[in-house]
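Take a look at the structure set out below.
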Amino acid sequence: MSSLFRRSQQGFAIIAAIFLLVVLAGLGAFMLSFSNTQHLTSAQDVQGARAYWAARAGVEWGITSATNGCFASPTVLFIDAFTVTVSCTLAQYTDADAISVFNIVAVSNPTGVAVGGVGYVERSVSASVCRLQAAPFGFC
């Protein structure tokens, strides 16, 4: 009777070992996927910061260029592997003095990366500058 009981107990350890291997393999696949996601998110964060500073440089260029009037709009600049499109619109008002308001918008995105691509980010920075017509270098 005892030999019949032993035969029915054989093979139980292999089932537990296979189950344990499947669970550990699944856990390893999850950890690999999670690690890849963290690395991609970190890279996109760095790329977003670079895009912001490229757009900010475009706005600074636009402010400097708009001191004599709006430049040809839109103007495309290439800054550190980013394409920066800078546009300027002019609004003129007359109150006690004639006032010109320059609205400058810079939009940057990485050169050669399609929208929806893994490395695609886009940042936009805008600024408004006003100038009194009576004082050519005096800003209001």
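Labels used: A, B, ... for chains in the order of the structure tokens, numbers from 1 for residues in each chain, and numbers from 1 for ligands as shown.
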*Among region 53-111 of chain A, which residues carry a DSSP assignment of strand (DSSP E), reported as a ChimeraX atom specification?*
/A:75-79,82-94,98-110
_Shell of 10 Å around Asn103 (chain A), only C-alpha atoms, local chain residues under 2 positions omitted, as a list of chain:residue names_ = A:Val59, A:Gly62, A:Ile63, A:Ala66, A:Cys70, A:Ser87, A:Cys88, A:Thr89, A:Leu90, A:Ala91, A:Ser100, A:Val101, A:Val105, A:Ser126, A:Ala127, A:Ser128, A:Val129, A:Cys130
Residues just named, written with N, CA and C atoms as a PDB file, in the first residue's frame:
ATOM      1  N   VAL A  59      12.567  83.283 -29.270  1.00  0.00           N
ATOM      2  CA  VAL A  59      11.849  84.478 -28.814  1.00  0.00           C
ATOM      3  C   VAL A  59      12.824  85.624 -28.560  1.00  0.00           C
ATOM      4  N   GLY A  62      13.730  87.024 -31.756  1.00  0.00           N
ATOM      5  CA  GLY A  62      12.605  87.786 -32.287  1.00  0.00           C
ATOM      6  C   GLY A  62      12.463  89.145 -31.627  1.00  0.00           C
ATOM      7  N   ILE A  63      12.668  89.211 -30.310  1.00  0.00           N
ATOM      8  CA  ILE A  63      12.587  90.497 -29.608  1.00  0.00           C
ATOM      9  C   ILE A  63      13.675  91.445 -30.114  1.00  0.00           C
ATOM     10  N   ALA A  66      12.811  92.611 -33.614  1.00  0.00           N
ATOM     11  CA  ALA A  66      11.603  93.434 -33.728  1.00  0.00           C
ATOM     12  C   ALA A  66      11.811  94.864 -33.262  1.00  0.00           C
ATOM     13  N   CYS A  70       8.552  94.543 -37.333  1.00  0.00           N
ATOM     14  CA  CYS A  70       8.423  93.079 -37.483  1.00  0.00           C
ATOM     15  C   CYS A  70       9.304  92.582 -38.621  1.00  0.00           C
ATOM     16  N   SER A  87       7.503  83.805 -35.346  1.00  0.00           N
ATOM     17  CA  SER A  87       6.592  84.697 -36.068  1.00  0.00           C
ATOM     18  C   SER A  87       6.362  85.959 -35.252  1.00  0.00           C
ATOM     19  N   CYS A  88       6.066  87.030 -35.964  1.00  0.00           N
ATOM     20  CA  CYS A  88       5.861  88.339 -35.327  1.00  0.00           C
ATOM     21  C   CYS A  88       4.598  88.959 -35.911  1.00  0.00           C
ATOM     22  N   THR A  89       3.745  89.454 -35.039  1.00  0.00           N
ATOM     23  CA  THR A  89       2.581  90.219 -35.484  1.00  0.00           C
ATOM     24  C   THR A  89       2.641  91.586 -34.810  1.00  0.00           C
ATOM     25  N   LEU A  90       2.198  92.578 -35.542  1.00  0.00           N
ATOM     26  CA  LEU A  90       2.254  93.950 -35.060  1.00  0.00           C
ATOM     27  C   LEU A  90       0.838  94.472 -34.877  1.00  0.00           C
ATOM     28  N   ALA A  91       0.592  95.075 -33.734  1.00  0.00           N
ATOM     29  CA  ALA A  91      -0.677  95.763 -33.470  1.00  0.00           C
ATOM     30  C   ALA A  91      -0.329  97.190 -33.070  1.00  0.00           C
ATOM     31  N   SER A 100       3.144 100.734 -30.546  1.00  0.00           N
ATOM     32  CA  SER A 100       3.242  99.518 -31.353  1.00  0.00           C
ATOM     33  C   SER A 100       3.478  98.338 -30.414  1.00  0.00           C
ATOM     34  N   VAL A 101       2.694  97.294 -30.586  1.00  0.00           N
ATOM     35  CA  VAL A 101       2.847  96.092 -29.767  1.00  0.00           C
ATOM     36  C   VAL A 101       3.255  94.951 -30.690  1.00  0.00           C
ATOM     37  N   VAL A 105       6.064  84.822 -31.283  1.00  0.00           N
ATOM     38  CA  VAL A 105       5.819  83.427 -30.905  1.00  0.00           C
ATOM     39  C   VAL A 105       6.891  82.565 -31.557  1.00  0.00           C
ATOM     40  N   SER A 126       6.070  82.535 -26.050  1.00  0.00           N
ATOM     41  CA  SER A 126       5.622  83.790 -26.658  1.00  0.00           C
ATOM     42  C   SER A 126       5.983  84.971 -25.768  1.00  0.00           C
ATOM     43  N   ALA A 127       6.066  86.137 -26.389  1.00  0.00           N
ATOM     44  CA  ALA A 127       6.377  87.367 -25.661  1.00  0.00           C
ATOM     45  C   ALA A 127       5.723  88.536 -26.397  1.00  0.00           C
ATOM     46  N   SER A 128       5.405  89.565 -25.646  1.00  0.00           N
ATOM     47  CA  SER A 128       4.870  90.797 -26.225  1.00  0.00           C
ATOM     48  C   SER A 128       5.763  91.949 -25.807  1.00  0.00           C
ATOM     49  N   VAL A 129       6.080  92.810 -26.761  1.00  0.00           N
ATOM     50  CA  VAL A 129       6.920  93.978 -26.509  1.00  0.00           C
ATOM     51  C   VAL A 129       6.187  95.176 -27.088  1.00  0.00           C
ATOM     52  N   CYS A 130       6.112  96.246 -26.312  1.00  0.00           N
ATOM     53  CA  CYS A 130       5.477  97.453 -26.847  1.00  0.00           C
ATOM     54  C   CYS A 130       6.506  98.560 -26.976  1.00  0.00           C
TER      55      CYS A 130
END
*Tell me which of A:Thr85, A:Ala55, A:Pro74, A:Thr64 sits closest to Val125 (chain A), counting only C-alpha atoms.*
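So, comparing all the options, the nearest one is A:Ala55.
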*Given only C-alpha atoms as the counted atoms, nearest of A:Ala49, A:Ala54, A:Leu24, A:Met31 to Val76 (chain A)*: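 Distance minimum relative to Val76 (chain A) lands on A:Ala54.
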_helix (DSSP H, G or I) call set, DSSP backbone run, chain A, as a PyMOL selection string_ = chain A and resi 2-9+12-68
*So how many Å separate CA of Tyr52 (chain A) and CA of Ser65 (chain A), to one decimal?*
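Pair CA of Tyr52 (chain A) / CA of Ser65 (chain A) returns 19.8 Å.
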*Could you tell me how far CA of Thr94 (chain A) lies from CA of Leu132 (chain A), in Å and to one decimal?*
9.8 Å
_For region 38-45 of chain A, find every residue with an atom within 9 Å (counting only C-alpha atoms), except residues of its own chain fewer than 4 positions away, and show them as a list in words._
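Counting only the stated atoms, we get Ser33, Phe34, Ala49, Arg50, Val118, Gly119, Tyr120 and Val121 of chain A.
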Selection export as a PDB file, in the first residue's frame, atoms kept: C-alpha atoms:
ATOM      1  CA  SER A  33       9.244  46.842 -19.690  1.00  0.00           C
ATOM      2  CA  PHE A  34       9.053  49.170 -16.681  1.00  0.00           C
ATOM      3  CA  ALA A  49      13.929  70.934 -21.848  1.00  0.00           C
ATOM      4  CA  ARG A  50      16.167  71.322 -24.894  1.00  0.00           C
ATOM      5  CA  VAL A 118       9.289  58.543 -30.153  1.00  0.00           C
ATOM      6  CA  GLY A 119      11.652  61.510 -29.939  1.00  0.00           C
ATOM      7  CA  TYR A 120       9.143  64.202 -30.946  1.00  0.00           C
ATOM      8  CA  VAL A 121       8.518  67.073 -28.548  1.00  0.00           C
TER       9      VAL A 121
END
_Given only C-alpha atoms as the counted atoms, nearest of A:Thr67, A:Gln133, A:Ser73, A:Asn36 to Asp95 (chain A)_ = A:Gln133
*Residue contacts of Gly112 (chain A) (10 Å, only C-alpha atoms) excluding same-chain residues fewer than 3 positions away, as a list in words*: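 Residues meeting the cut-off are Ala81, Phe82, Thr83, Asn109, Val115, Gly119 and Tyr120 of chain A.
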Keeping C-alpha atoms, export the residues of the selection given above as a tab-separated table (two decimals), in the first residue's frame.
chain	number	residue	atom	x	y	z
A	81	ALA	CA	19.13	70.03	-33.84
A	82	PHE	CA	15.81	71.87	-33.42
A	83	THR	CA	13.75	73.71	-35.99
A	109	ASN	CA	10.53	70.83	-32.50
A	115	VAL	CA	4.90	64.10	-35.30
A	119	GLY	CA	11.65	61.51	-29.94
A	120	TYR	CA	9.14	64.20	-30.95
*How many Å separate CA of Arg131 (chain A) from CA of Phe102 (chain A)?*
8.2 Å
